[in-house]
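Structure data (PDB, C-alpha atoms, pLDDT in the B column) from entry-v9.pdb:
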```
MODEL        1
ATOM      1  CA  MET A  20      68.941   0.010 -56.702  1.00 44.00           C
ATOM      2  CA  ASN A  21      67.152   0.750 -53.449  1.00 57.00           C
ATOM      3  CA  LYS A  22      69.201   2.657 -50.951  1.00 90.00           C
ATOM      4  CA  THR A  23      68.805   1.322 -47.427  1.00 96.00           C
ATOM      5  CA  ILE A  24      70.493   2.710 -44.329  1.00 96.00           C
ATOM      6  CA  LEU A  25      70.640   0.402 -41.304  1.00 97.00           C
ATOM      7  CA  TRP A  26      71.000   2.087 -37.936  1.00 96.00           C
ATOM      8  CA  CYS A  27      72.516  -0.356 -35.435  1.00 97.00           C
ATOM      9  CA  ILE A  28      71.659   0.927 -31.956  1.00 95.00           C
ATOM     10  CA  GLY A  29      72.792  -0.249 -28.531  1.00 94.00           C
ATOM     11  CA  SER A  30      75.575  -0.354 -25.997  1.00 94.00           C
ATOM     12  CA  PRO A  31      78.246  -3.047 -26.276  1.00 93.00           C
ATOM     13  CA  ILE A  32      78.978  -2.706 -22.526  1.00 94.00           C
ATOM     14  CA  LEU A  33      75.410  -3.603 -21.502  1.00 94.00           C
ATOM     15  CA  LEU A  34      75.393  -7.318 -22.406  1.00 96.00           C
ATOM     16  CA  ASP A  35      72.512  -8.056 -24.824  1.00 97.00           C
ATOM     17  CA  ASP A  36      71.863  -4.367 -25.421  1.00 95.00           C
ATOM     18  CA  GLY A  37      74.897  -4.716 -27.690  1.00 96.00           C
ATOM     19  CA  ALA A  38      72.825  -6.579 -30.302  1.00 97.00           C
ATOM     20  CA  GLY A  39      72.776  -3.551 -32.631  1.00 97.00           C
ATOM     21  CA  PRO A  40      76.540  -2.936 -32.574  1.00 97.00           C
ATOM     22  CA  ALA A  41      77.116  -6.702 -32.989  1.00 98.00           C
ATOM     23  CA  LEU A  42      74.903  -6.630 -36.089  1.00 98.00           C
ATOM     24  CA  PHE A  43      76.925  -3.684 -37.407  1.00 98.00           C
ATOM     25  CA  SER A  44      80.160  -5.669 -36.946  1.00 98.00           C
ATOM     26  CA  GLU A  45      78.669  -8.675 -38.695  1.00 98.00           C
ATOM     27  CA  LEU A  46      77.509  -6.631 -41.691  1.00 98.00           C
ATOM     28  CA  GLU A  47      80.748  -4.680 -41.834  1.00 96.00           C
ATOM     29  CA  ALA A  48      82.669  -7.967 -42.088  1.00 96.00           C
ATOM     30  CA  PHE A  49      80.200  -9.557 -44.555  1.00 96.00           C
ATOM     31  CA  PRO A  50      78.234  -6.740 -46.255  1.00 96.00           C
ATOM     32  CA  ALA A  51      74.678  -6.857 -47.516  1.00 96.00           C
ATOM     33  CA  GLU A  52      74.251  -5.525 -51.043  1.00 95.00           C
ATOM     34  CA  GLY A  53      72.450  -2.165 -51.085  1.00 95.00           C
ATOM     35  CA  VAL A  54      72.521  -1.775 -47.291  1.00 97.00           C
ATOM     36  CA  VAL A  55      74.750   0.766 -45.554  1.00 96.00           C
ATOM     37  CA  PRO A  56      75.114  -0.082 -41.841  1.00 97.00           C
ATOM     38  CA  VAL A  57      75.717   2.747 -39.375  1.00 96.00           C
ATOM     39  CA  ASN A  58      76.945   2.027 -35.847  1.00 97.00           C
ATOM     40  CA  CYS A  59      74.821   4.539 -33.896  1.00 94.00           C
ATOM     41  CA  GLU A  60      75.497   2.846 -30.540  1.00 92.00           C
ATOM     42  CA  THR A  61      73.615   4.881 -27.881  1.00 91.00           C
ATOM     43  CA  THR A  62      73.227   8.155 -29.799  1.00 90.00           C
ATOM     44  CA  PRO A  63      70.980   7.695 -32.839  1.00 91.00           C
ATOM     45  CA  GLU A  64      70.072  11.402 -32.598  1.00 90.00           C
ATOM     46  CA  ASN A  65      73.609  12.194 -33.840  1.00 91.00           C
ATOM     47  CA  TRP A  66      72.728  10.540 -37.152  1.00 92.00           C
ATOM     48  CA  ILE A  67      69.537  12.517 -37.919  1.00 90.00           C
ATOM     49  CA  ALA A  68      71.309  15.400 -39.711  1.00 90.00           C
ATOM     50  CA  PRO A  69      73.221  13.202 -42.203  1.00 89.00           C
ATOM     51  CA  LEU A  70      70.035  11.189 -42.783  1.00 88.00           C
ATOM     52  CA  SER A  71      67.978  14.347 -43.386  1.00 85.00           C
ATOM     53  CA  LYS A  72      70.545  15.761 -45.842  1.00 88.00           C
ATOM     54  CA  ASN A  73      70.676  12.576 -47.898  1.00 88.00           C
ATOM     55  CA  PRO A  74      67.543  10.535 -47.098  1.00 90.00           C
ATOM     56  CA  PRO A  75      67.490   6.875 -48.070  1.00 94.00           C
ATOM     57  CA  GLN A  76      64.487   5.099 -49.529  1.00 94.00           C
ATOM     58  CA  VAL A  77      64.443   2.827 -46.483  1.00 95.00           C
ATOM     59  CA  LEU A  78      65.739   3.297 -42.949  1.00 96.00           C
ATOM     60  CA  MET A  79      66.040   0.078 -40.979  1.00 96.00           C
ATOM     61  CA  VAL A  80      66.720   0.334 -37.262  1.00 95.00           C
ATOM     62  CA  ALA A  81      68.049  -2.666 -35.331  1.00 96.00           C
ATOM     63  CA  ASP A  82      68.059  -2.561 -31.540  1.00 94.00           C
ATOM     64  CA  ALA A  83      67.599  -4.705 -28.460  1.00 93.00           C
ATOM     65  CA  ALA A  84      63.992  -4.264 -27.387  1.00 91.00           C
ATOM     66  CA  ASP A  85      62.127  -5.557 -24.350  1.00 90.00           C
ATOM     67  CA  MET A  86      58.960  -6.905 -25.930  1.00 91.00           C
ATOM     68  CA  GLY A  87      58.148  -9.360 -23.153  1.00 91.00           C
ATOM     69  CA  LEU A  88      59.206 -12.332 -25.290  1.00 94.00           C
ATOM     70  CA  PRO A  89      61.780 -15.109 -24.804  1.00 97.00           C
ATOM     71  CA  GLY A  90      65.408 -13.974 -25.166  1.00 97.00           C
ATOM     72  CA  GLY A  91      66.593 -13.902 -28.765  1.00 98.00           C
ATOM     73  CA  SER A  92      63.098 -13.391 -30.214  1.00 97.00           C
ATOM     74  CA  ILE A  93      63.080 -11.160 -33.278  1.00 98.00           C
ATOM     75  CA  ARG A  94      60.206  -8.943 -34.333  1.00 96.00           C
ATOM     76  CA  ARG A  95      59.736  -6.521 -37.211  1.00 96.00           C
ATOM     77  CA  MET A  96      57.692  -3.434 -36.491  1.00 92.00           C
ATOM     78  CA  ASN A  97      56.614  -0.086 -37.836  1.00 86.00           C
ATOM     79  CA  LEU A  98      57.648   3.093 -36.076  1.00 84.00           C
ATOM     80  CA  GLU A  99      54.181   3.330 -34.509  1.00 82.00           C
ATOM     81  CA  ASP A 100      54.675  -0.079 -32.849  1.00 78.00           C
ATOM     82  CA  THR A 101      57.680   1.144 -30.845  1.00 78.00           C
ATOM     83  CA  GLY A 102      55.732   3.319 -28.391  1.00 72.00           C
ATOM     84  CA  GLY A 103      55.104   0.622 -25.781  1.00 65.00           C
ATOM     85  CA  ILE A 104      58.468  -1.129 -26.107  1.00 67.00           C
ATOM     86  CA  THR A 105      61.488  -0.432 -23.917  1.00 64.00           C
ATOM     87  CA  PHE A 106      64.687   0.343 -25.801  1.00 64.00           C
ATOM     88  CA  SER A 107      67.114   0.597 -22.928  1.00 58.00           C
ATOM     89  CA  SER A 108      70.267   2.474 -23.871  1.00 58.00           C
ATOM     90  CA  HIS A 109      69.107   5.560 -25.736  1.00 55.00           C
ATOM     91  CA  GLY A 110      67.077   8.357 -24.257  1.00 63.00           C
ATOM     92  CA  ILE A 111      64.918   9.702 -27.081  1.00 75.00           C
ATOM     93  CA  PRO A 112      62.089   7.367 -28.165  1.00 78.00           C
ATOM     94  CA  LEU A 113      62.468   6.244 -31.772  1.00 83.00           C
ATOM     95  CA  SER A 114      58.911   7.334 -32.578  1.00 80.00           C
ATOM     96  CA  LEU A 115      59.738  10.907 -31.525  1.00 81.00           C
ATOM     97  CA  LEU A 116      63.213  10.959 -33.060  1.00 84.00           C
ATOM     98  CA  LEU A 117      62.112   9.697 -36.466  1.00 88.00           C
ATOM     99  CA  GLU A 118      58.663  11.314 -36.685  1.00 85.00           C
ATOM    100  CA  PRO A 119      59.841  14.118 -39.054  1.00 85.00           C
ATOM    101  CA  LEU A 120      61.198  11.536 -41.535  1.00 88.00           C
ATOM    102  CA  LYS A 121      58.294   9.123 -41.699  1.00 85.00           C
ATOM    103  CA  LYS A 122      56.495  10.915 -44.542  1.00 87.00           C
ATOM    104  CA  SER A 123      59.492  10.710 -46.878  1.00 89.00           C
ATOM    105  CA  VAL A 124      61.361   7.573 -45.743  1.00 93.00           C
ATOM    106  CA  GLU A 125      60.102   4.030 -45.247  1.00 94.00           C
ATOM    107  CA  ILE A 126      61.065   3.108 -41.660  1.00 94.00           C
ATOM    108  CA  GLU A 127      61.312  -0.463 -40.422  1.00 94.00           C
ATOM    109  CA  VAL A 128      62.425  -1.437 -36.911  1.00 94.00           C
ATOM    110  CA  ILE A 129      63.905  -4.831 -36.055  1.00 96.00           C
ATOM    111  CA  GLY A 130      63.765  -5.597 -32.343  1.00 95.00           C
ATOM    112  CA  ILE A 131      65.771  -8.356 -30.673  1.00 96.00           C
ATOM    113  CA  GLN A 132      64.590  -9.427 -27.224  1.00 96.00           C
ATOM    114  CA  PRO A 133      67.496  -9.361 -24.722  1.00 97.00           C
ATOM    115  CA  GLU A 134      68.109 -12.379 -22.500  1.00 97.00           C
ATOM    116  CA  LYS A 135      70.742 -10.811 -20.228  1.00 95.00           C
ATOM    117  CA  ARG A 136      70.788  -7.244 -18.949  1.00 89.00           C
ATOM    118  CA  GLY A 137      73.293  -5.284 -16.912  1.00 91.00           C
ATOM    119  CA  PHE A 138      76.889  -4.206 -17.241  1.00 94.00           C
ATOM    120  CA  GLY A 139      79.264  -6.497 -19.070  1.00 93.00           C
ATOM    121  CA  GLU A 140      80.480  -7.352 -22.525  1.00 93.00           C
ATOM    122  CA  GLY A 141      79.322 -10.078 -24.867  1.00 95.00           C
ATOM    123  CA  LEU A 142      75.944 -11.364 -25.970  1.00 97.00           C
ATOM    124  CA  SER A 143      73.983 -14.282 -24.586  1.00 98.00           C
ATOM    125  CA  PRO A 144      73.901 -17.314 -26.914  1.00 98.00           C
ATOM    126  CA  GLU A 145      70.224 -16.585 -27.718  1.00 98.00           C
ATOM    127  CA  VAL A 146      70.885 -12.999 -28.786  1.00 98.00           C
ATOM    128  CA  SER A 147      74.094 -13.940 -30.619  1.00 98.00           C
ATOM    129  CA  ARG A 148      72.092 -16.445 -32.707  1.00 98.00           C
ATOM    130  CA  ALA A 149      69.410 -13.804 -33.309  1.00 98.00           C
ATOM    131  CA  VAL A 150      72.020 -11.303 -34.557  1.00 98.00           C
ATOM    132  CA  GLN A 151      73.424 -13.928 -36.966  1.00 98.00           C
ATOM    133  CA  PHE A 152      69.908 -14.700 -38.219  1.00 98.00           C
ATOM    134  CA  VAL A 153      69.038 -11.016 -38.732  1.00 98.00           C
ATOM    135  CA  ALA A 154      72.319 -10.447 -40.618  1.00 98.00           C
ATOM    136  CA  LYS A 155      71.578 -13.418 -42.885  1.00 98.00           C
ATOM    137  CA  THR A 156      68.014 -12.193 -43.443  1.00 98.00           C
ATOM    138  CA  ILE A 157      69.255  -8.694 -44.353  1.00 98.00           C
ATOM    139  CA  ARG A 158      71.896 -10.106 -46.737  1.00 97.00           C
ATOM    140  CA  GLU A 159      69.203 -12.186 -48.436  1.00 97.00           C
ATOM    141  CA  GLY A 160      66.800  -9.218 -48.656  1.00 95.00           C
ATOM    142  CA  ARG A 161      64.151 -11.092 -46.670  1.00 96.00           C
ATOM    143  CA  THR A 162      63.473  -8.784 -43.697  1.00 95.00           C
ATOM    144  CA  GLY A 163      59.827  -8.604 -44.774  1.00 93.00           C
ATOM    145  CA  GLU A 164      59.550 -12.270 -43.765  1.00 95.00           C
ATOM    146  CA  LEU A 165      60.468 -11.588 -40.118  1.00 96.00           C
ATOM    147  CA  GLU A 166      57.580 -12.079 -37.735  1.00 95.00           C
ATOM    148  CA  ARG A 167      55.583  -8.910 -37.092  1.00 95.00           C
ATOM    149  CA  TYR A 168      55.370  -7.534 -33.569  1.00 92.00           C
ATOM    150  CA  GLN A 169      51.945  -7.690 -31.951  1.00 85.00           C
ATOM    151  CA  GLU A 170      51.498  -5.926 -28.657  1.00 73.00           C
ATOM    152  CA  ASN A 171      49.971  -8.101 -25.948  1.00 64.00           C
ATOM    153  CA  ARG A 172      46.620  -6.401 -25.435  1.00 52.00           C
ATOM    154  CA  SER A 173      45.254  -8.829 -22.879  1.00 45.00           C
ATOM    155  CA  PRO A 174      43.961  -7.263 -19.665  1.00 47.00           C
ATOM    156  CA  ARG A 175      46.407  -7.319 -16.771  1.00 42.00           C
TER     157      ARG A 175
ENDMDL
END
```
Write the structure described by the file as structure tokens, please.
Amino acid sequence: MNKTILWCIGSPILLDDGAGPALFSELEAFPAEGVVPVNCETTPENWIAPLSKNPPQVLMVADAADMGLPGGSIRRMNLEDTGGITFSSHGIPLSLLLEPLKKSVEIEVIGIQPEKRGFGEGLSPEVSRAVQFVAKTIREGRTGELERYQENRSPR
């Protein structure tokens, strides 16, 4: 069986930035076969050592990501795609943090576009629906069907 670790990143006290921790709660309550969720919250760097000692076949990372899309939009991306995207609550860019692992571990990032930003608890309805959809997609083993992220390359 494939071993997949799912890092759920975000801050539950920053409104929609809590999408990752909400996904963790959802998958903790109703697990996905073969997927081990980890609630990284705002410090994914704390989880590098355990990951390096016992690397999975696949590392999925779920986080709120400002992709310039409507709130609740979901996009699947490679690590290389994350360079131009704002992930608000953690300091080290994912591309830099996970660079040493990318030769030995398949890395997939799932971004959820926030609708509401700022201090506060709870998700907007759009992001709450997106979290439910991502959880269902993970449980069904269909994350490869999520729409791929394409950076807007039009001139500004």
Determine, counting all atoms listed in the file, which protein, DNA and RNA residues have an atom within 12 Å of an atom of Glu170 (chain A); residues of the same chain fewer than 5 positions away are not included. Present the result as number ranges by chain.
-> A: 85-88, 94-96, 99-104
Write out as a ChimeraX atom specification which residues come within 9 Å of Asn58 (chain A) when counting all atoms listed in the file, dropping same-chain ones fewer than 4 positions away.
-> /A:25-29,39-40,42-44,63
One residue among A:Arg167, A:Leu142, A:Lys155, A:Asn73 is nearest to Ile32 (chain A) when using only C-alpha atoms, and that residue is A:Leu142
Region 56-89 of chain A residues near region 119-129 of chain A within 12 Å, closest pair each, using only C-alpha atoms, as a tab-separated table:
```
residue	atom	partner	partner_atom	distance
A:Ile67	CA	A:Leu120	CA	9.1
A:Ala68	CA	A:Leu120	CA	11.0
A:Leu70	CA	A:Leu120	CA	8.9
A:Ser71	CA	A:Leu120	CA	7.6
A:Lys72	CA	A:Leu120	CA	11.1
A:Asn73	CA	A:Val124	CA	10.8
A:Pro74	CA	A:Val124	CA	7.0
A:Pro75	CA	A:Val124	CA	6.6
A:Gln76	CA	A:Val124	CA	5.5
A:Val77	CA	A:Glu125	CA	4.7
A:Leu78	CA	A:Ile126	CA	4.9
A:Met79	CA	A:Glu127	CA	4.8
A:Val80	CA	A:Val128	CA	4.7
A:Ala81	CA	A:Ile129	CA	4.7
A:Asp82	CA	A:Ile129	CA	6.5
A:Ala83	CA	A:Ile129	CA	8.4
A:Ala84	CA	A:Ile129	CA	8.7
A:Asp85	CA	A:Ile129	CA	11.9
A:Met86	CA	A:Ile129	CA	11.5
```
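Shortest atom-to-atom contact with Thr156 (chain A) among A:Pro133, A:Asn65, A:Ile93, A:Ala48: A:Ile93, counting all atoms listed in the file.
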Residues matched by the PyMOL selection byres ((chain A and resi 52) around 10), written as a count of residues only = 15
Interatomic distance between CA of Pro69 (chain A) and CA of Gly130 (chain A)?
->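 Between these atoms lies a distance of 23.2 Å.
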Between A:Glu47, A:Gly90, A:Val57, A:Glu164, which is the closest to Arg148 (chain A) once you count only C-alpha atoms?
-> A:Gly90
Coordinates-based distance that separates CA of Glu145 (chain A) from CA of Ile111 (chain A) (Å, one decimal) =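 Interatomic distance, CA of Ile111 (chain A) to CA of Glu145 (chain A): 26.8 Å.
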Check the smallest atom-to-atom distance from each of A:Glu140, A:Ile131, A:Gln151, A:Ser114 to Glu166 (chain A) using only C-alpha atoms, then report the winner.
->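 Checking each candidate against Glu166 (chain A), we get A:Ile131 as the closest.
Here the question is which of A:Pro144, A:Thr61, A:Glu134, A:Ala154 gets nearest to Leu113 (chain A) using only C-alpha atoms, and that residue is A:Thr61.
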Just say which residues the PyMOL selection byres ((chain A and resi 138) around 10) picks in this file, as a list of chain:residue names.
-> A:Ser30, A:Pro31, A:Ile32, A:Leu33, A:Leu34, A:Asp35, A:Asp36, A:Lys135, A:Arg136, A:Gly137, A:Gly139, A:Glu140, A:Gly141
Please, what distance in Å, to one decimal, runs between CA of Ala149 (chain A) and CA of Leu115 (chain A)?
->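 Those two atoms sit 26.6 Å apart.
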